[in-house]
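One file, model-v5.tsv, carrying TSV, C-alpha atoms:
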```
chain	number	residue	atom	x	y	z
M	37	MET	CA	-74.02	92.85	-141.37
M	38	ASN	CA	-74.82	94.70	-138.17
M	39	LYS	CA	-71.25	94.21	-137.01
M	40	ILE	CA	-69.91	95.80	-140.17
M	41	LYS	CA	-72.32	98.72	-139.74
M	42	ASN	CA	-71.28	99.20	-136.15
M	43	SER	CA	-67.61	99.07	-137.07
M	44	ILE	CA	-68.08	101.69	-139.77
M	45	LEU	CA	-69.98	103.92	-137.32
M	46	LEU	CA	-67.24	103.52	-134.73
M	47	ILE	CA	-64.51	104.44	-137.24
M	48	ILE	CA	-66.49	107.50	-138.36
M	49	THR	CA	-67.01	108.55	-134.74
M	50	LEU	CA	-63.34	108.18	-133.97
M	51	CYS	CA	-62.36	110.16	-137.05
M	52	ILE	CA	-64.69	113.00	-136.09
M	53	SER	CA	-63.42	112.96	-132.53
M	54	PHE	CA	-59.80	112.98	-133.67
M	55	SER	CA	-60.52	115.76	-136.10
M	56	ASN	CA	-62.18	117.88	-133.41
M	57	SER	CA	-59.37	117.36	-130.93
M	58	PHE	CA	-56.69	118.73	-133.20
M	59	SER	CA	-58.63	121.23	-135.21
M	60	GLN	CA	-57.39	124.80	-135.28
M	61	VAL	CA	-58.70	126.73	-132.28
M	62	ASN	CA	-59.25	130.47	-132.47
M	63	ASP	CA	-57.73	131.89	-129.37
M	64	ASN	CA	-57.22	135.58	-128.73
M	65	ILE	CA	-56.24	135.19	-125.10
M	66	ILE	CA	-52.52	135.60	-124.95
M	67	THR	CA	-51.96	135.71	-121.21
M	68	ASP	CA	-51.45	132.99	-118.65
M	69	LYS	CA	-50.18	130.43	-121.09
M	70	VAL	CA	-46.58	130.33	-120.00
M	71	GLY	CA	-45.63	129.04	-116.60
M	72	THR	CA	-42.17	129.65	-115.24
M	73	SER	CA	-40.37	128.56	-112.12
M	74	SER	CA	-36.88	127.59	-111.09
M	75	PHE	CA	-34.52	125.78	-108.78
M	76	SER	CA	-31.67	127.93	-107.53
M	77	ALA	CA	-28.50	126.91	-105.74
M	78	SER	CA	-25.39	128.59	-104.36
M	79	ILE	CA	-22.11	126.77	-104.57
M	80	TRP	CA	-19.46	127.38	-101.91
M	81	ARG	CA	-15.78	126.66	-101.98
M	82	PRO	CA	-14.87	123.61	-99.92
M	83	LEU	CA	-13.28	124.27	-96.56
M	84	LEU	CA	-9.62	123.48	-96.37
M	85	VAL	CA	-7.50	123.54	-93.24
M	86	HIS	CA	-3.82	124.05	-93.81
M	87	ASN	CA	-1.76	121.99	-91.47
M	88	ALA	CA	-0.64	123.78	-88.38
M	89	GLN	CA	2.88	124.94	-88.34
M	90	VAL	CA	4.55	125.31	-85.01
M	91	GLU	CA	6.34	128.60	-85.10
M	92	HIS	CA	8.67	127.74	-82.28
M	93	GLU	CA	9.34	124.16	-81.55
M	94	GLY	CA	9.43	123.33	-77.88
M	95	GLY	CA	12.51	121.22	-78.15
M	96	GLN	CA	13.50	122.11	-74.68
M	97	GLU	CA	14.05	119.99	-71.68
M	98	TYR	CA	12.09	120.40	-68.50
M	99	VAL	CA	12.75	118.97	-65.10
M	100	ARG	CA	10.00	117.05	-63.34
M	101	GLY	CA	8.19	118.46	-60.37
M	102	ALA	CA	7.67	122.05	-61.58
M	103	VAL	CA	5.35	124.31	-63.51
M	104	TYR	CA	6.91	126.18	-66.42
M	105	ASN	CA	5.59	129.34	-67.97
M	106	ILE	CA	6.37	128.89	-71.62
M	107	ASN	CA	4.63	132.03	-72.78
M	108	ASP	CA	6.85	134.73	-71.47
M	109	GLY	CA	9.55	136.86	-72.87
M	110	GLY	CA	7.64	137.44	-76.09
M	111	SER	CA	8.76	134.08	-77.33
M	112	GLN	CA	5.46	132.33	-77.57
M	113	ILE	CA	5.31	128.83	-78.81
M	114	LYS	CA	2.34	128.67	-81.05
M	115	ALA	CA	0.84	126.94	-83.99
M	116	GLN	CA	-1.61	128.28	-86.50
M	117	TYR	CA	-4.27	126.71	-88.62
M	118	THR	CA	-5.36	128.63	-91.69
M	119	VAL	CA	-8.84	127.84	-92.89
M	120	HIS	CA	-9.80	128.60	-96.47
M	121	GLY	CA	-13.33	128.62	-97.84
M	122	GLU	CA	-16.08	130.75	-99.27
M	123	VAL	CA	-15.65	134.48	-98.67
M	124	ASP	CA	-17.86	136.00	-95.99
M	125	LYS	CA	-19.41	132.69	-95.00
M	126	PHE	CA	-19.41	131.50	-91.43
M	127	VAL	CA	-17.57	128.42	-90.25
M	128	TYR	CA	-17.58	126.47	-87.02
M	129	PHE	CA	-14.71	124.57	-85.54
M	130	ILE	CA	-14.16	122.12	-82.76
M	131	VAL	CA	-10.90	121.28	-81.05
M	132	SER	CA	-10.05	117.73	-80.19
M	133	GLY	CA	-9.31	116.66	-76.67
M	134	SER	CA	-10.45	118.27	-73.47
M	135	PRO	CA	-13.00	121.06	-73.66
M	136	ILE	CA	-12.04	124.70	-73.93
M	137	GLY	CA	-13.01	126.94	-71.06
M	138	ALA	CA	-13.36	130.65	-70.66
M	139	ASN	CA	-10.99	132.83	-72.65
M	140	GLY	CA	-10.10	129.92	-74.89
M	141	ILE	CA	-8.07	128.13	-72.24
M	142	GLN	CA	-7.63	124.39	-72.60
M	143	ILE	CA	-5.69	122.08	-70.34
M	144	LYS	CA	-4.62	118.77	-71.76
M	145	ASP	CA	-3.31	115.90	-69.70
M	146	ASP	CA	-1.34	113.16	-71.39
M	147	GLY	CA	-1.93	110.79	-68.49
M	148	GLN	CA	1.79	110.38	-67.96
M	149	GLY	CA	2.26	113.19	-65.53
M	150	VAL	CA	2.43	116.11	-67.92
M	151	LYS	CA	-0.21	118.75	-68.42
M	152	ILE	CA	-0.10	121.53	-70.95
M	153	LYS	CA	-2.10	124.70	-70.83
M	154	LEU	CA	-3.16	126.05	-74.20
M	155	GLU	CA	-4.85	129.21	-75.26
M	156	TRP	CA	-6.96	129.18	-78.42
M	157	LYS	CA	-7.51	132.32	-80.44
M	158	VAL	CA	-9.16	133.13	-83.70
M	159	SER	CA	-8.01	135.99	-85.86
M	160	LYS	CA	-9.35	137.67	-88.91
M	161	TYR	CA	-7.03	136.97	-91.74
M	162	THR	CA	-6.62	140.54	-92.87
M	163	THR	CA	-6.36	142.41	-89.61
M	164	GLY	CA	-4.87	139.85	-87.29
M	165	THR	CA	-7.33	140.90	-84.63
M	166	GLU	CA	-7.58	138.18	-82.08
M	167	PHE	CA	-10.67	137.14	-80.29
M	168	TYR	CA	-12.27	134.12	-78.86
M	169	SER	CA	-15.82	133.92	-77.69
M	170	GLY	CA	-15.56	130.81	-75.62
M	171	SER	CA	-16.71	128.10	-77.95
M	172	GLY	CA	-15.64	126.71	-81.26
M	173	LEU	CA	-19.29	126.38	-82.06
M	174	THR	CA	-19.56	130.11	-82.34
M	175	PRO	CA	-19.53	130.88	-86.05
M	176	TYR	CA	-16.61	132.86	-87.42
M	177	LYS	CA	-16.66	134.61	-90.73
M	178	LEU	CA	-14.17	133.81	-93.48
M	179	LYS	CA	-12.71	137.18	-94.38
M	180	PRO	CA	-11.45	138.15	-97.82
M	181	GLN	CA	-7.73	137.90	-98.24
M	182	THR	CA	-5.59	140.65	-99.63
M	183	ALA	CA	-5.17	138.46	-102.70
M	184	GLY	CA	-6.93	135.40	-103.98
M	185	PRO	CA	-10.55	134.39	-104.18
M	186	TYR	CA	-10.79	132.53	-100.91
M	187	GLY	CA	-12.07	133.68	-97.60
M	188	ALA	CA	-9.75	132.85	-94.75
M	189	LEU	CA	-9.64	132.52	-91.01
M	190	VAL	CA	-6.68	131.82	-88.77
M	191	ILE	CA	-7.00	129.79	-85.61
M	192	TRP	CA	-4.09	130.04	-83.23
M	193	VAL	CA	-3.09	127.89	-80.35
M	194	ARG	CA	-0.53	129.14	-77.85
M	195	PHE	CA	1.36	126.92	-75.47
M	196	MET	CA	1.05	128.69	-72.17
M	197	GLU	CA	2.21	126.49	-69.40
M	198	LEU	CA	3.69	123.08	-68.71
M	199	ASP	CA	2.85	121.35	-65.46
M	200	ILE	CA	5.14	118.40	-64.94
M	201	ASP	CA	4.38	116.10	-62.08
M	202	ALA	CA	7.20	114.83	-59.89
M	203	ASN	CA	6.39	111.32	-61.06
M	204	ALA	CA	6.02	112.15	-64.73
M	205	THR	CA	7.25	109.57	-67.15
M	206	PRO	CA	10.68	110.51	-68.42
M	207	GLY	CA	11.11	111.06	-72.12
M	208	THR	CA	9.26	112.87	-74.86
M	209	HIS	CA	5.66	113.91	-74.35
M	210	VAL	CA	3.73	114.89	-77.43
M	211	PHE	CA	0.52	116.90	-77.44
M	212	GLU	CA	-1.38	116.98	-80.67
M	213	GLN	CA	-3.98	119.61	-81.40
M	214	THR	CA	-6.54	118.78	-84.05
M	215	ILE	CA	-9.28	121.07	-85.23
M	216	THR	CA	-12.22	120.19	-87.41
M	217	VAL	CA	-14.12	122.85	-89.31
M	218	GLY	CA	-17.49	122.91	-90.96
M	219	TYR	CA	-20.04	125.24	-92.46
M	220	ASN	CA	-22.64	123.69	-90.18
M	221	PRO	CA	-22.59	123.56	-86.38
M	222	THR	CA	-23.09	119.81	-86.60
M	223	ILE	CA	-19.49	119.18	-87.48
G	109	MET	CA	-116.64	146.23	-177.84
G	110	LYS	CA	-116.20	142.52	-178.36
G	111	ASN	CA	-112.48	142.85	-177.93
G	112	LEU	CA	-112.86	144.75	-174.70
G	113	LEU	CA	-115.20	142.11	-173.38
G	114	SER	CA	-112.74	139.36	-174.26
G	115	ILE	CA	-109.95	141.12	-172.42
G	116	LEU	CA	-112.09	141.45	-169.29
G	117	VAL	CA	-112.97	137.75	-169.38
G	118	VAL	CA	-109.31	136.76	-169.71
G	119	LEU	CA	-108.32	139.02	-166.82
G	120	ALA	CA	-111.11	137.62	-164.62
G	121	LEU	CA	-110.01	134.06	-165.31
G	122	ALA	CA	-106.37	134.88	-164.65
G	123	THR	CA	-107.27	136.45	-161.34
G	124	THR	CA	-109.32	133.43	-160.35
G	125	PHE	CA	-106.47	131.01	-161.14
G	126	SER	CA	-103.97	133.12	-159.22
G	127	PHE	CA	-105.83	132.79	-156.00
G	128	ALA	CA	-107.14	129.28	-156.47
G	129	GLN	CA	-106.66	126.78	-153.63
G	130	VAL	CA	-103.83	124.32	-154.41
G	131	ASN	CA	-104.10	120.84	-153.10
G	132	ASP	CA	-100.65	119.74	-151.82
G	133	ASN	CA	-100.03	116.71	-149.68
G	134	LEU	CA	-96.23	116.98	-149.63
G	135	THR	CA	-95.10	118.09	-146.21
G	136	THR	CA	-91.34	117.68	-146.51
G	137	GLY	CA	-88.60	119.44	-148.36
G	138	LYS	CA	-90.09	122.85	-148.04
G	139	THR	CA	-87.81	124.27	-145.35
G	140	GLY	CA	-84.19	125.21	-145.85
G	141	THR	CA	-81.97	125.80	-142.82
G	142	GLY	CA	-78.40	126.98	-142.43
G	143	SER	CA	-76.26	127.95	-139.45
G	144	PHE	CA	-72.95	129.11	-138.12
G	145	THR	CA	-71.71	126.93	-135.25
G	146	ALA	CA	-69.07	127.93	-132.75
G	147	THR	CA	-67.67	125.84	-129.94
G	148	VAL	CA	-66.52	127.92	-127.02
G	149	LEU	CA	-63.63	126.57	-125.00
G	150	THR	CA	-62.51	127.40	-121.51
G	151	PRO	CA	-59.27	129.38	-121.84
G	152	LEU	CA	-56.06	127.57	-121.06
G	153	THR	CA	-54.22	128.79	-118.00
G	154	ILE	CA	-51.02	127.66	-116.37
G	155	ASN	CA	-49.55	128.83	-113.11
G	156	SER	CA	-46.00	129.86	-112.22
G	157	PRO	CA	-45.07	127.86	-109.13
G	158	THR	CA	-43.00	129.44	-106.39
G	159	PRO	CA	-39.29	128.99	-107.16
G	160	ILE	CA	-37.38	126.65	-104.89
G	161	ASN	CA	-34.12	127.75	-103.30
G	162	LEU	CA	-32.13	124.59	-102.83
G	163	GLY	CA	-29.65	126.30	-100.51
G	164	GLU	CA	-25.89	126.17	-100.35
G	165	PHE	CA	-23.73	123.33	-101.58
G	166	VAL	CA	-20.03	122.88	-101.05
G	167	ALA	CA	-18.18	122.19	-104.29
G	168	SER	CA	-17.59	118.49	-104.66
G	169	THR	CA	-17.13	115.95	-107.42
G	170	THR	CA	-19.68	113.75	-105.66
G	171	PRO	CA	-23.20	114.69	-106.73
G	172	TYR	CA	-25.76	115.65	-104.12
G	173	ASP	CA	-28.92	113.54	-104.22
G	174	LEU	CA	-32.12	115.58	-104.42
G	175	THR	CA	-35.81	114.84	-104.62
G	176	ASN	CA	-37.20	118.31	-105.21
G	177	ALA	CA	-40.05	118.74	-107.64
G	178	ILE	CA	-41.97	121.63	-109.18
G	179	THR	CA	-45.45	121.09	-110.60
G	180	PHE	CA	-47.17	123.39	-113.08
G	181	ASN	CA	-50.97	123.20	-113.07
G	182	VAL	CA	-52.96	123.69	-116.26
G	183	THR	CA	-56.67	124.37	-116.54
G	184	GLY	CA	-58.87	124.47	-119.62
G	185	GLU	CA	-61.69	122.74	-121.43
G	186	ASN	CA	-62.73	119.39	-120.05
G	187	ASN	CA	-61.32	116.46	-121.99
G	188	HIS	CA	-59.80	118.71	-124.63
G	189	ALA	CA	-56.34	118.17	-126.03
G	190	TYR	CA	-53.68	120.88	-125.91
G	191	PHE	CA	-50.14	121.32	-127.10
G	192	PHE	CA	-47.26	122.01	-124.77
G	193	LYS	CA	-43.57	122.73	-124.72
G	194	THR	CA	-41.20	122.17	-121.79
G	195	GLU	CA	-37.90	124.00	-121.44
G	196	VAL	CA	-35.01	123.91	-118.97
G	197	ASN	CA	-32.20	126.45	-118.73
G	198	ASN	CA	-29.19	126.36	-116.44
G	199	THR	CA	-27.97	129.94	-116.02
G	200	ASN	CA	-24.48	129.03	-114.83
G	201	PRO	CA	-23.42	125.48	-115.69
G	202	SER	CA	-19.86	126.23	-114.64
G	203	ALA	CA	-21.07	126.52	-111.03
G	204	ALA	CA	-23.31	123.48	-110.93
G	205	THR	CA	-25.03	120.97	-113.13
G	206	PHE	CA	-28.47	119.54	-112.47
G	207	VAL	CA	-29.96	116.17	-113.30
G	208	GLY	CA	-33.71	115.93	-113.50
G	209	SER	CA	-36.58	115.20	-115.84
G	210	TRP	CA	-40.11	116.16	-116.81
G	211	ASP	CA	-42.86	113.64	-116.33
G	212	MET	CA	-43.46	114.20	-120.04
G	213	ASP	CA	-41.28	116.15	-122.44
G	214	GLY	CA	-42.98	118.57	-124.79
G	215	THR	CA	-41.78	120.11	-128.04
G	216	GLY	CA	-44.71	122.33	-128.94
G	217	ALA	CA	-46.09	119.61	-131.19
G	218	THR	CA	-46.64	117.27	-128.26
G	219	THR	CA	-50.18	116.90	-126.97
G	220	LYS	CA	-51.75	116.07	-123.71
G	221	THR	CA	-55.43	115.88	-122.79
G	222	LEU	CA	-57.09	117.78	-120.01
G	223	SER	CA	-58.95	115.66	-117.50
G	224	ALA	CA	-62.71	115.36	-117.24
G	225	THR	CA	-62.59	118.29	-114.86
G	226	GLY	CA	-60.37	120.36	-117.14
G	227	THR	CA	-57.08	120.00	-115.30
G	228	SER	CA	-53.64	118.78	-116.14
G	229	SER	CA	-50.14	119.12	-114.75
G	230	HIS	CA	-46.47	119.07	-115.69
G	231	THR	CA	-43.88	118.12	-113.11
G	232	TYR	CA	-40.12	118.47	-113.18
G	233	THR	CA	-38.29	116.35	-110.62
G	234	LEU	CA	-34.71	117.11	-109.67
G	235	SER	CA	-32.65	114.04	-108.80
G	236	SER	CA	-29.15	115.39	-108.26
G	237	LEU	CA	-26.88	118.39	-108.33
G	238	THR	CA	-23.15	118.45	-108.91
G	239	ALA	CA	-21.54	121.51	-107.34
G	240	ILE	CA	-18.57	122.40	-109.50
G	241	ALA	CA	-17.25	125.79	-108.45
G	242	SER	CA	-18.11	128.78	-106.33
G	243	GLY	CA	-21.04	130.79	-107.62
G	244	SER	CA	-24.78	130.83	-107.95
G	245	THR	CA	-26.90	129.19	-110.55
G	246	THR	CA	-30.53	128.78	-111.38
G	247	LEU	CA	-32.26	126.05	-113.28
G	248	GLY	CA	-35.09	127.88	-115.02
G	249	LEU	CA	-38.19	125.91	-115.96
G	250	THR	CA	-40.75	127.00	-118.53
G	251	VAL	CA	-43.92	125.30	-119.70
G	252	THR	CA	-45.88	126.82	-122.58
G	253	VAL	CA	-49.35	125.55	-123.42
G	254	SER	CA	-51.73	126.23	-126.27
G	255	TYR	CA	-54.74	124.70	-127.97
G	256	ASN	CA	-52.81	125.02	-131.20
G	257	THR	CA	-49.46	123.61	-132.12
G	258	PHE	CA	-46.58	126.04	-132.00
```
Represent the structure from my file as structure tokens, please.
Amino acid sequence: MNKIKNSILLIITLCISFSNSFSQVNDNIITDKVGTSSFSASIWRPLLVHNAQVEHEGGQEYVRGAVYNINDGGSQIKAQYTVHGEVDKFVYFIVSGSPIGANGIQIKDDGQGVKIKLEWKVSKYTTGTEFYSGSGLTPYKLKPQTAGPYGALVIWVRFMELDIDANATPGTHVFEQTITVGYNPTI
Amino acid sequence: MKNLLSILVVLALATTFSFAQVNDNLTTGKTGTGSFTATVLTPLTINSPTPINLGEFVASTTPYDLTNAITFNVTGENNHAYFFKTEVNNTNPSAATFVGSWDMDGTGATTKTLSATGTSSHTYTLSSLTAIASGSTTLGLTVTVSYNTF
């Protein structure tokens, strides 16, 4: 009998509690009841490097045991890399192979008796102004193009000088220049 | 004269009865009480957490994994239930899409109970972002709370 009584009391208590919890509450305070916040993100266009195009193929023959200036007469042999990405954002680039010294000068040695002296330059896409600050890890800004939504940057490499040892291996010597770009300095 | 005397006697008796001592042993049921009762609750409050700038993402079909979370803190009456509504709004879904979830979704008819110290919280956890195209976007979060359903 006591158990039945207790059960009834418990049910009544629960009903009252439930009723109180969800009863209509008079509330005139209308402030501080809405909380707002947000996550925000900016999306950038992916970087894309267009393959370098050599404007003037070497294609010439050189005799061993001499140094050749291949950057004279206004007929520079050069290649250009066009980088596309988000307008006005900075990019970094690194050049494969031996390090680049002052004024963007790089000397590559193929280990077969031929050295090539290169000069790296960066130019703003719109103005063609050339500059180089000594390191690919200096950020360069992607400038708006005259048309199109992308920002662009042009990286040039000029072939300045060929140094051919007297014992250089006969035949074709190929020097590849590879650049890697990134929005972060940790390319 | 007789009549006047009779009237005086009747009046005297009536007066005596009016002020006679009444013997009454009943001590209950003689007091009536009534009241108005009001329960006062601590007002509900909820904060607006500092927005999180996730930074820059390069457009890619591969989603970026994230573990960012924003927590809204609610205060009110100890142990009291309240209603809440959670909302999410992506301002520019063509730039990026977000994947995330609330620890508990609310529709305005959904209830939660404040703790014994009158606190509660609502957390939205971001798990990934897919950067679609150049632009900026914001994932707005809103939590509305009330003691009454809405």
Report as a ChimeraX atom specification the set of chain M residues whose atoms approach chain G to within 9 Å, with distances computed over all atoms listed in the file. /M:57-63,65,67-83,122,219
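Taking atom CA of M:Ile191 and atom CA of M:Ile106 as the two end points, the separation is 19.4 Å.
The two atoms in question, atom CA of M:Arg100 and atom CA of M:Val131, are spaced 27.7 Å apart.
The two atoms in question, atom CA of M:Gly149 and atom CA of M:Leu198, are spaced 10.5 Å apart.
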Could you pull the residues within 12 Å of M:Ala188, counting only C-alpha atoms, minus those fewer than 3 positions along the same chain, as a ChimeraX atom specification? /M:81-86,117-127,158-164,176-185,191
Nearby residues (all atoms listed in the file) at most 12 Å from M:Gln96, same-chain spacing under 3 positions excluded, as an MDAnalysis selection string: chainID M and resid 92:93 99 104 106 113 198 207:209
Can you write just those residues out, C-alpha atoms, as a short mmCIF file (atom, residue, chain, number, x, y, z; two decimals), in the frame of the given file?
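File out35.cif, as written:
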```
data_model
loop_
_atom_site.label_atom_id
_atom_site.label_comp_id
_atom_site.auth_asym_id
_atom_site.auth_seq_id
_atom_site.Cartn_x
_atom_site.Cartn_y
_atom_site.Cartn_z
CA HIS M 92 8.67 127.74 -82.28
CA GLU M 93 9.34 124.16 -81.55
CA VAL M 99 12.75 118.97 -65.10
CA TYR M 104 6.91 126.18 -66.42
CA ILE M 106 6.37 128.89 -71.62
CA ILE M 113 5.31 128.83 -78.81
CA LEU M 198 3.69 123.08 -68.71
CA GLY M 207 11.11 111.06 -72.12
CA THR M 208 9.26 112.87 -74.86
CA HIS M 209 5.66 113.91 -74.35
#
```
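With only C-alpha atoms as the basis for measurement, M:Tyr128 is the residue among M:Tyr128, M:Asn105, M:Glu197, M:Val190 that approaches M:Asn220 most closely.
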Nearest to G:Ser223, restricted to only C-alpha atoms and choosing among G:Asn186, G:Ser209, G:Ser202, G:Ser235, comes out as G:Asn186
